[in-house]
Amino acid sequence: MDTFHTERSAVSRSESFRGTRHVSIARACERWKEIVGEKFLHVDELTVTRFGENVSGLSREIAAVLQPASTQEVQEVVRVAHECRIPLYPISRGCNWGLGSRLPVRSGAVLLDLSRLNRIHEVNAQHHYAVVEPGVTQGQLYDYLCEHHLPLMLNVTGAGRSTSLIGNALERGIGYFSSRADSLSGMEVVMGNGEILRTGFGSWPDSRITHHYKHGIGPGLDSLFVQSNLGIVTRAGVELLPAPEAHAALIVSLRDETKLGEFINRLADLRRRGAIQTVIHVGNRYRTEITLAPLLCERLQTETSDFQTMKASVEALLAAEGFGSWSAVIGLLGTSAHLQASLDEVKRELSELGRISVLTDLKIRGAKKILNALSFLPWARRKSAILDATEPLYGLSKGIPTDAALGSLYWPIGELPPKKQARPDRDGGGMLYFLPMMPLEGNVAVEMMDLTKGICDRFGFQPATTLNVVDTRTLEAVISLSFDRRKPDQVKAAHDCMEQLHALYVEKGYPPYRVGIQSMNRVVDLNNPFWKVIHDLKHVFDPHHIIAPGRYNLL
Ligand SMILES: Cc1cc2nc3c(=O)[nH]c(=O)nc-3n(C[C@H](O)[C@H](O)[C@H](O)COP(=O)(O)OP(=O)(O)OC[C@H]3O[C@@H](n4cnc5c(N)ncnc54)[C@H](O)[C@@H]3O)c2cc1C
């Protein structure tokens with residue numbers, strides 16, 4: 001009787017809370033409609049459901065979706081939310097695949113989709129930076145550089161052309177050349193009361209140095225808006241790279257699986273000596289398979305549509321081409337002399353351990369010509385398919401964004417990506433990322449890969465793993481679990497497996513540097529003074545706690 005009574009009161013309390021909330025959201029919507037226009041406020045179930053689709057198999061309630069088009073509109077939207085105490089969850093392009101996609105951390109928020117803030121305000125070729133809004137994608141900026149023949153290169157990620165430069169940086173994403181967050185400067189941030197804060201020298205109205213020297217004067221605030229919920233970034237400088245005189249990409253496939261530790265140590269050595277200056281991606285066999293196989297199938301135009309037959313022939317092809325248990329992709333940039341010296345050094349250091357293929361524009365063009373001429377021979381067709389399939393990865397190492405890797409969300413469930421455009425959040429492939437940081441030491445990598453395999457085996461998953469040599473000291477592990485989102489038992493097993501991986505890495509002293517929305521509560525801890533300070537800062541920047549509640553914060 002008591003229990004029933006308690007439950008009844010809880011239900012009526014929550015109903016009355018929901019009712020009140022409903023009224024205030026309805027009132028806020030009336031005002032938001034005036035600000036963004038009726039077309040850009042969505043409350044209908046179909047649109048809201050679309051925004052909630054995600055590859056991770058998660059579910060959150062989204063109260064509405066708002067799509068402002070300017071900083072001023074964002075400010076006005078925030079003022080209304082502040083007054084009505086309605087949480088807003090800002091996203092730039094919402095491609096946070098494997099970590100929650102467009103979903104808010106907590107149910108009930110209104111999604112603030114910033115994709116219409118998509119202006120490129122400035123590109124400075126001399127000082128190699130661009131000033132962009134959050135809706136600007138890496139594909140858009142790349143196309144702009146090409147159209148204007150600018151000798152600049154993007155610090156691309158492998159996540160597709162439609163992803164946001166600012167959104168990725170605000171998750172502390174890692175590009176092919178460095179951490180994206182480090183390349184931000186002079187941010188324009190809308191705070192929780194609708195006021196604007198400009199960081200670094202951006203706070204000086206006449207500053208002409210904002211995007212050259214990001215620190216400005218006084219305490220640096222940029223980092224406070226990365227992996228945080230203290231503000232909404234509406235504009236920022238993004239560092240670009242001057243296009244190098246020469247470029248090459250190396251694919252190095254490890255011959256003997258038991259030599260992974262030595263391989264990592266030698267790569268670390270090359271990085272420390274400066275022979276390699278970009279992020280080195282070392283993918284395991286399954287990562288190579290799920291990335292290259294969809295591209296190979298497309299190129300080979302196999303007669304069979306039976307997935308298992310396709311899979312067997314692609315696996316055999318990859319093995320015949322020497323892709324081993326681990327394969328590294330290394331980008332080399334610099335003057336021609338520097339590049340030649342680096343190449344010699346890398347070959348000297350790694351040829352004993354791995355099979356090395358060197359790709360340059362010239363080599364690719366030459367090989368294509370020959371293979372085309374010999375295309376009546378089956379081996380030439382196979383070589384040609386491998387070359388075509390690896391070309392987008394080669395492109396990443398010179399700053400060309402591509403959607404090529406999105407096929408990896410389809411292959412594990414026995415499908416090929418749609419010919420027109422991959423829609424990972426809508427189609428059936430499921431994926432979760434676990435992203436720990438480790439010291440750049442071969443023995444640590446070997447130990448953690450063995451333990452990872454042990455846990456994944458128990459849950460029946462084959463992890464696709466990339467070990468990224470991020471700088472001279474750090475090794476990032478990108479571990480992804482693939483599953484069929486239409487099968488609830490697989491979704492549950494993947495999430496349980498993730499929890500165990502999280503616990504293992506934390507116990508070993510290698511916590512994740514970035515987590516999905518479902519794991520925020522495993523990271524944020526009221527008893528830890530660090531999170532207490534972040535909690536206190538929330539009151540300063542967002543007094544009514546309306547921005548992204550729960551995102552890397554207690555509030
Ligand atoms: C095949 C594949 C390859 C991938 N490769 C990479 C890779 O190489 N490197 C990498 O880092 N990731 C990678 N990813 C993961 C992910 O897809 C990217 O990080 C992607 O860039 C994130 O989506 P987005 O850029 O649209 O950012 P969003 O999803 O828009 O933003 C991410 C989060 O940042 C916050 N945020 C966004 N915009 C704002 C704002 N303006 N103000 C305040 N907060 C904001 C929000 O909480 C949001 O959820 C990959 C994923 C896949 C499937």
# chains A, B, ... in the order shown; residues from 1 in each chain; ligands from 1
>>> select_by_dssp(residues="segment 6-164 of chain A", states="strand (DSSP E or B)", output="list in words")
Leu41, His42, Ile62, Ala63, Ala64, Val65, Leu66, Leu88, Tyr89, Pro90, Ile91, Ala109, Val110, Leu111, Leu112, Asp113, Ile120, His121, Glu122, Val123, Asn124, Tyr129, Ala130, Val131, Val132, Thr137, Leu152, Met153 and Ser164 of chain A
>>> residues_near_ligand(ligand="ligand 1", cutoff="6 Å", atoms="only C-alpha atoms and all ligand atoms", output="PyMOL selection string")
chain A and resi 90-97+101-102+134+157-159+163-165+167-168+170-171+173-175+231-234+405-406
>>> closest_residue(among="A:Leu254, A:Ile386, A:Ile517, A:Leu41", to="Ser107 of chain A", atoms="only C-alpha atoms")
A:Ile517
>>> residues_around(residues="Leu353 of chain A", least_positions_apart="3", cutoff="12 Å", atoms="only C-alpha atoms", output="ChimeraX atom specification")
/A:252-267,324,326-328,346-350,356
>>> closest_residue(among="A:Cys29, A:Leu112, A:Met310, A:Val524", to="Asn553 of chain A", atoms="only C-alpha atoms")
A:Val524
>>> select_by_dssp(residues="segment 121-225 of chain A", states="alpha helix (DSSP H)", output="ChimeraX atom specification")
/A:138-147,165-170
>>> write_last_selection(atoms="N, CA and C atoms", output="short mmCIF file (atom, residue, chain, number, x, y, z; two decimals), in the first residue's frame")
data_model
loop_
_atom_site.label_atom_id
_atom_site.label_comp_id
_atom_site.auth_asym_id
_atom_site.auth_seq_id
_atom_site.Cartn_x
_atom_site.Cartn_y
_atom_site.Cartn_z
N GLN A 138 34.41 20.20 -42.82
CA GLN A 138 35.77 20.09 -43.36
C GLN A 138 35.72 19.99 -44.89
N GLY A 139 34.64 19.40 -45.43
CA GLY A 139 34.50 19.33 -46.89
C GLY A 139 34.36 20.73 -47.49
N GLN A 140 33.56 21.57 -46.83
CA GLN A 140 33.31 22.93 -47.32
C GLN A 140 34.60 23.76 -47.34
N LEU A 141 35.36 23.67 -46.25
CA LEU A 141 36.59 24.48 -46.21
C LEU A 141 37.61 23.94 -47.21
N TYR A 142 37.66 22.63 -47.36
CA TYR A 142 38.59 22.05 -48.33
C TYR A 142 38.24 22.54 -49.75
N ASP A 143 36.94 22.50 -50.09
CA ASP A 143 36.52 22.95 -51.42
C ASP A 143 36.87 24.43 -51.63
N TYR A 144 36.70 25.22 -50.57
CA TYR A 144 37.01 26.65 -50.66
C TYR A 144 38.50 26.84 -50.98
N LEU A 145 39.35 26.09 -50.29
CA LEU A 145 40.80 26.22 -50.52
C LEU A 145 41.14 25.86 -51.96
N CYS A 146 40.47 24.80 -52.47
CA CYS A 146 40.74 24.38 -53.86
C CYS A 146 40.26 25.43 -54.84
N GLU A 147 38.99 25.89 -54.64
CA GLU A 147 38.43 26.87 -55.58
C GLU A 147 39.27 28.13 -55.66
N LEU A 165 34.34 21.47 -38.35
CA LEU A 165 35.70 21.77 -37.85
C LEU A 165 35.62 22.14 -36.37
N ILE A 166 34.67 23.01 -36.04
CA ILE A 166 34.57 23.49 -34.65
C ILE A 166 33.99 22.40 -33.75
N GLY A 167 32.94 21.70 -34.20
CA GLY A 167 32.31 20.65 -33.37
C GLY A 167 33.33 19.60 -32.97
N ASN A 168 34.12 19.15 -33.94
CA ASN A 168 35.12 18.13 -33.64
C ASN A 168 36.16 18.67 -32.65
N ALA A 169 36.59 19.91 -32.88
CA ALA A 169 37.60 20.49 -31.98
C ALA A 169 37.04 20.60 -30.56
N LEU A 170 35.72 20.91 -30.45
CA LEU A 170 35.12 21.08 -29.11
C LEU A 170 34.95 19.74 -28.39
#
>>> atom_distance(atom1="atom CA of Arg79 of chain A", atom2="atom CA of Leu114 of chain A")
16.4 Å
>>> closest_residue(among="A:Tyr176, A:Lys419, A:His281, A:Leu150", to="Gln126 of chain A", atoms="only C-alpha atoms")
A:Leu150
>>> residues_around(residues="Val469 of chain A", least_positions_apart="3", cutoff="12 Å", atoms="only C-alpha atoms", output="PyMOL selection string")
chain A and resi 174-179+263-272+276-283+328-331+437-442+445+466+472-478
>>> write_last_selection(atoms="N, CA and C atoms", output="CSV table (one decimal), in the first residue's frame")
chain,number,residue,atom,x,y,z
A,174,ILE,N,40.9,14.5,-32.8
A,174,ILE,CA,42.3,14.4,-33.3
A,174,ILE,C,42.3,14.3,-34.8
A,175,GLY,N,43.0,15.2,-35.4
A,175,GLY,CA,43.2,15.2,-36.9
A,175,GLY,C,44.4,14.4,-37.3
A,176,TYR,N,44.7,14.4,-38.6
A,176,TYR,CA,45.8,13.7,-39.1
A,176,TYR,C,47.1,14.3,-38.8
A,177,PHE,N,47.1,15.6,-38.3
A,177,PHE,CA,48.4,16.2,-38.1
A,177,PHE,C,48.5,16.6,-36.6
A,178,SER,N,47.4,16.8,-35.9
A,178,SER,CA,47.5,17.1,-34.5
A,178,SER,C,46.1,17.2,-33.9
A,179,SER,N,46.1,17.5,-32.5
A,179,SER,CA,44.8,17.7,-31.9
A,179,SER,C,44.1,18.9,-32.4
A,263,PHE,N,57.5,-2.5,-32.9
A,263,PHE,CA,57.0,-1.6,-34.0
A,263,PHE,C,56.6,-0.3,-33.4
A,264,ILE,N,55.8,-0.3,-32.3
A,264,ILE,CA,55.4,1.0,-31.7
A,264,ILE,C,56.6,1.8,-31.2
A,265,ASN,N,57.6,1.0,-30.6
A,265,ASN,CA,58.8,1.7,-30.1
A,265,ASN,C,59.6,2.4,-31.2
A,266,ARG,N,59.7,1.7,-32.3
A,266,ARG,CA,60.5,2.3,-33.4
A,266,ARG,C,59.7,3.5,-34.0
A,267,LEU,N,58.4,3.4,-34.1
A,267,LEU,CA,57.6,4.5,-34.6
A,267,LEU,C,57.8,5.7,-33.7
A,268,ALA,N,57.8,5.4,-32.3
A,268,ALA,CA,58.0,6.5,-31.3
A,268,ALA,C,59.4,7.1,-31.5
A,269,ASP,N,60.3,6.3,-31.8
A,269,ASP,CA,61.7,6.8,-32.0
A,269,ASP,C,61.8,7.8,-33.2
A,270,LEU,N,61.1,7.3,-34.3
A,270,LEU,CA,61.1,8.1,-35.5
A,270,LEU,C,60.4,9.5,-35.3
A,271,ARG,N,59.3,9.4,-34.5
A,271,ARG,CA,58.6,10.6,-34.1
A,271,ARG,C,59.4,11.5,-33.3
A,272,ARG,N,60.2,11.0,-32.3
A,272,ARG,CA,61.0,11.8,-31.4
A,272,ARG,C,62.1,12.4,-32.1
A,276,ILE,N,59.3,11.7,-38.5
A,276,ILE,CA,57.9,11.8,-38.8
A,276,ILE,C,57.3,12.9,-37.9
A,277,GLN,N,56.5,13.7,-38.5
A,277,GLN,CA,55.9,14.8,-37.7
A,277,GLN,C,54.4,14.9,-37.8
A,278,THR,N,53.8,13.8,-38.3
A,278,THR,CA,52.3,13.8,-38.3
A,278,THR,C,51.8,12.7,-37.4
A,279,VAL,N,50.5,12.6,-37.2
A,279,VAL,CA,49.9,11.5,-36.4
A,279,VAL,C,50.0,10.2,-37.2
A,280,ILE,N,50.6,9.2,-36.5
A,280,ILE,CA,50.8,7.9,-37.2
A,280,ILE,C,49.6,7.0,-36.8
A,281,HIS,N,48.9,6.4,-37.8
A,281,HIS,CA,47.7,5.6,-37.5
A,281,HIS,C,48.1,4.1,-37.7
A,282,VAL,N,48.0,3.3,-36.6
A,282,VAL,CA,48.4,1.9,-36.7
A,282,VAL,C,47.1,1.1,-36.5
A,283,GLY,N,46.6,0.6,-37.6
A,283,GLY,CA,45.3,-0.1,-37.5
A,283,GLY,C,45.4,-1.6,-37.4
A,328,ALA,N,50.5,0.4,-40.5
A,328,ALA,CA,50.6,1.8,-40.2
A,328,ALA,C,50.5,2.7,-41.4
A,329,VAL,N,49.8,3.8,-41.3
A,329,VAL,CA,49.7,4.8,-42.3
A,329,VAL,C,50.5,6.0,-41.8
A,330,ILE,N,51.5,6.4,-42.6
A,330,ILE,CA,52.4,7.5,-42.1
A,330,ILE,C,52.4,8.6,-43.2
A,331,GLY,N,52.1,9.8,-42.8
A,331,GLY,CA,52.2,10.9,-43.8
A,331,GLY,C,53.6,11.6,-43.6
A,437,MET,N,43.8,7.2,-23.6
A,437,MET,CA,45.2,7.6,-23.9
A,437,MET,C,46.1,6.8,-23.1
A,438,MET,N,47.3,6.5,-23.7
A,438,MET,CA,48.3,5.7,-23.0
A,438,MET,C,49.7,6.3,-23.3
A,439,PRO,N,50.7,5.9,-22.5
A,439,PRO,CA,52.0,6.4,-22.8
A,439,PRO,C,52.5,5.8,-24.1
A,440,LEU,N,53.4,6.5,-24.8
A,440,LEU,CA,53.9,5.9,-26.1
A,440,LEU,C,55.0,4.9,-25.8
A,441,GLU,N,54.5,3.7,-25.4
A,441,GLU,CA,55.5,2.6,-25.0
A,441,GLU,C,54.9,1.3,-25.6
A,442,GLY,N,55.8,0.6,-26.3
A,442,GLY,CA,55.3,-0.6,-26.9
A,442,GLY,C,54.8,-1.7,-26.0
A,445,ALA,N,51.2,-0.9,-25.0
A,445,ALA,CA,50.3,-1.1,-26.1
A,445,ALA,C,50.0,-2.6,-26.2
A,466,THR,N,42.6,1.2,-33.7
A,466,THR,CA,43.7,2.0,-34.3
A,466,THR,C,44.5,2.6,-33.2
A,472,THR,N,55.0,13.0,-29.4
A,472,THR,CA,56.2,12.3,-29.1
A,472,THR,C,56.0,11.5,-27.8
A,473,ARG,N,54.9,11.6,-27.1
A,473,ARG,CA,54.7,10.9,-25.8
A,473,ARG,C,53.5,10.1,-25.6
A,474,THR,N,52.5,10.4,-26.5
A,474,THR,CA,51.2,9.8,-26.3
A,474,THR,C,50.7,8.9,-27.4
A,475,LEU,N,50.1,7.8,-26.9
A,475,LEU,CA,49.4,6.8,-27.8
A,475,LEU,C,47.9,6.8,-27.5
A,476,GLU,N,47.2,7.2,-28.6
A,476,GLU,CA,45.7,7.1,-28.4
A,476,GLU,C,45.2,5.8,-29.0
A,477,ALA,N,44.3,5.1,-28.2
A,477,ALA,CA,43.7,3.9,-28.8
A,477,ALA,C,42.3,4.3,-29.2
A,478,VAL,N,42.0,4.0,-30.5
A,478,VAL,CA,40.6,4.2,-30.9
A,478,VAL,C,40.0,2.8,-31.1
>>> atom_distance(atom1="atom CA of Thr402 of chain A", atom2="atom CA of Gly430 of chain A")
20.5 Å
>>> decode(residues="segment 282-402 of chain A", atoms="C-alpha atoms", output="mmCIF file, in the first residue's frame")
data_model
loop_
_atom_site.group_PDB
_atom_site.id
_atom_site.type_symbol
_atom_site.label_atom_id
_atom_site.label_comp_id
_atom_site.auth_asym_id
_atom_site.auth_seq_id
_atom_site.Cartn_x
_atom_site.Cartn_y
_atom_site.Cartn_z
ATOM 1 C CA VAL A 282 48.401 1.910 -36.743
ATOM 2 C CA GLY A 283 45.272 -0.124 -37.516
ATOM 3 C CA ASN A 284 44.646 -3.747 -36.600
ATOM 4 C CA ARG A 285 43.535 -6.297 -39.196
ATOM 5 C CA TYR A 286 39.834 -5.800 -38.496
ATOM 6 C CA ARG A 287 40.111 -1.993 -38.795
ATOM 7 C CA THR A 288 41.844 -2.452 -42.166
ATOM 8 C CA GLU A 289 39.193 -4.910 -43.288
ATOM 9 C CA ILE A 290 36.126 -2.871 -42.354
ATOM 10 C CA THR A 291 37.637 0.292 -43.846
ATOM 11 C CA LEU A 292 38.986 -1.094 -47.110
ATOM 12 C CA ALA A 293 36.561 -3.949 -47.830
ATOM 13 C CA PRO A 294 33.520 -1.806 -48.800
ATOM 14 C CA LEU A 295 35.740 0.250 -51.116
ATOM 15 C CA LEU A 296 37.275 -2.862 -52.652
ATOM 16 C CA CYS A 297 33.861 -4.413 -53.302
ATOM 17 C CA GLU A 298 32.739 -1.268 -55.043
ATOM 18 C CA ARG A 299 35.872 -1.256 -57.241
ATOM 19 C CA LEU A 300 35.944 -4.985 -57.995
ATOM 20 C CA GLN A 301 32.268 -5.062 -58.983
ATOM 21 C CA THR A 302 32.125 -8.727 -57.993
ATOM 22 C CA GLU A 303 29.456 -10.773 -59.700
ATOM 23 C CA THR A 304 28.261 -12.335 -56.465
ATOM 24 C CA SER A 305 25.978 -10.515 -54.076
ATOM 25 C CA ASP A 306 26.511 -13.141 -51.385
ATOM 26 C CA PHE A 307 28.175 -11.288 -48.534
ATOM 27 C CA GLN A 308 30.163 -14.239 -47.157
ATOM 28 C CA THR A 309 31.678 -14.935 -50.585
ATOM 29 C CA MET A 310 32.558 -11.252 -51.011
ATOM 30 C CA LYS A 311 34.060 -11.189 -47.522
ATOM 31 C CA ALA A 312 36.212 -14.257 -48.161
ATOM 32 C CA SER A 313 37.572 -12.909 -51.434
ATOM 33 C CA VAL A 314 38.302 -9.463 -50.002
ATOM 34 C CA GLU A 315 40.075 -10.952 -46.977
ATOM 35 C CA ALA A 316 42.191 -13.102 -49.297
ATOM 36 C CA LEU A 317 43.013 -10.071 -51.445
ATOM 37 C CA LEU A 318 44.082 -7.984 -48.448
ATOM 38 C CA ALA A 319 46.264 -10.817 -47.150
ATOM 39 C CA ALA A 320 47.845 -11.324 -50.602
ATOM 40 C CA GLU A 321 48.616 -7.598 -50.744
ATOM 41 C CA GLY A 322 50.492 -7.917 -47.462
ATOM 42 C CA PHE A 323 48.078 -6.126 -45.092
ATOM 43 C CA GLY A 324 49.059 -7.851 -41.862
ATOM 44 C CA SER A 325 47.904 -7.990 -38.258
ATOM 45 C CA TRP A 326 48.798 -4.301 -37.896
ATOM 46 C CA SER A 327 49.324 -1.708 -40.659
ATOM 47 C CA ALA A 328 50.598 1.823 -40.157
ATOM 48 C CA VAL A 329 49.732 4.793 -42.344
ATOM 49 C CA ILE A 330 52.391 7.490 -42.113
ATOM 50 C CA GLY A 331 52.237 10.899 -43.789
ATOM 51 C CA LEU A 332 55.504 12.658 -44.596
ATOM 52 C CA LEU A 333 55.589 16.373 -45.435
ATOM 53 C CA GLY A 334 58.321 18.914 -46.016
ATOM 54 C CA THR A 335 60.837 20.112 -48.562
ATOM 55 C CA SER A 336 61.938 17.520 -51.122
ATOM 56 C CA ALA A 337 65.296 17.117 -49.362
ATOM 57 C CA HIS A 338 63.647 16.739 -45.964
ATOM 58 C CA LEU A 339 61.177 14.206 -47.349
ATOM 59 C CA GLN A 340 63.923 12.097 -48.923
ATOM 60 C CA ALA A 341 65.902 12.109 -45.669
ATOM 61 C CA SER A 342 62.776 11.106 -43.692
ATOM 62 C CA LEU A 343 61.955 8.355 -46.170
ATOM 63 C CA ASP A 344 65.447 6.909 -45.899
ATOM 64 C CA GLU A 345 65.302 6.974 -42.143
ATOM 65 C CA VAL A 346 61.854 5.364 -41.942
ATOM 66 C CA LYS A 347 62.904 2.616 -44.335
ATOM 67 C CA ARG A 348 66.128 1.990 -42.390
ATOM 68 C CA GLU A 349 64.179 1.714 -39.138
ATOM 69 C CA LEU A 350 61.138 -0.274 -40.262
ATOM 70 C CA SER A 351 61.958 -2.451 -43.278
ATOM 71 C CA GLU A 352 63.128 -5.306 -41.083
ATOM 72 C CA LEU A 353 59.741 -5.366 -39.285
ATOM 73 C CA GLY A 354 57.289 -4.538 -42.029
ATOM 74 C CA ARG A 355 56.470 -4.438 -45.692
ATOM 75 C CA ILE A 356 56.642 -0.820 -46.852
ATOM 76 C CA SER A 357 54.707 0.741 -49.735
ATOM 77 C CA VAL A 358 55.462 4.333 -50.624
ATOM 78 C CA LEU A 359 52.731 6.386 -52.281
ATOM 79 C CA THR A 360 53.184 9.769 -53.947
ATOM 80 C CA ASP A 361 51.032 11.602 -56.506
ATOM 81 C CA LEU A 362 53.526 10.728 -59.215
ATOM 82 C CA LYS A 363 53.664 7.039 -58.292
ATOM 83 C CA ILE A 364 49.877 6.745 -58.145
ATOM 84 C CA ARG A 365 49.450 8.379 -61.546
ATOM 85 C CA GLY A 366 52.126 6.123 -63.069
ATOM 86 C CA ALA A 367 50.733 2.939 -61.519
ATOM 87 C CA LYS A 368 47.198 3.761 -62.676
ATOM 88 C CA LYS A 369 48.370 4.225 -66.248
ATOM 89 C CA ILE A 370 50.131 0.863 -66.318
ATOM 90 C CA LEU A 371 47.334 -1.021 -64.536
ATOM 91 C CA ASN A 372 44.705 0.452 -66.852
ATOM 92 C CA ALA A 373 46.666 -0.725 -69.859
ATOM 93 C CA LEU A 374 46.839 -4.229 -68.363
ATOM 94 C CA SER A 375 43.286 -4.362 -67.108
ATOM 95 C CA PHE A 376 42.552 -7.503 -69.177
ATOM 96 C CA LEU A 377 44.714 -9.382 -66.617
ATOM 97 C CA PRO A 378 42.989 -10.377 -63.351
ATOM 98 C CA TRP A 379 46.024 -9.464 -61.177
ATOM 99 C CA ALA A 380 46.145 -5.981 -62.722
ATOM 100 C CA ARG A 381 42.439 -5.494 -61.942
ATOM 101 C CA ARG A 382 43.075 -6.575 -58.342
ATOM 102 C CA LYS A 383 46.062 -4.225 -57.952
ATOM 103 C CA SER A 384 44.043 -1.445 -59.469
ATOM 104 C CA ALA A 385 41.198 -2.049 -56.983
ATOM 105 C CA ILE A 386 43.645 -1.946 -54.059
ATOM 106 C CA LEU A 387 45.121 1.287 -55.360
ATOM 107 C CA ASP A 388 41.680 2.885 -55.770
ATOM 108 C CA ALA A 389 40.607 1.729 -52.309
ATOM 109 C CA THR A 390 43.703 3.079 -50.552
ATOM 110 C CA GLU A 391 43.721 6.375 -52.448
ATOM 111 C CA PRO A 392 41.220 8.145 -50.119
ATOM 112 C CA LEU A 393 43.377 7.162 -47.123
ATOM 113 C CA TYR A 394 46.399 8.491 -48.959
ATOM 114 C CA GLY A 395 44.360 11.665 -49.523
ATOM 115 C CA LEU A 396 43.741 12.044 -45.776
ATOM 116 C CA SER A 397 47.494 12.136 -45.212
ATOM 117 C CA LYS A 398 47.601 15.246 -47.431
ATOM 118 C CA GLY A 399 44.557 16.925 -45.908
ATOM 119 C CA ILE A 400 41.783 15.808 -48.284
ATOM 120 C CA PRO A 401 38.584 14.909 -46.398
ATOM 121 C CA THR A 402 36.635 11.867 -47.563
#
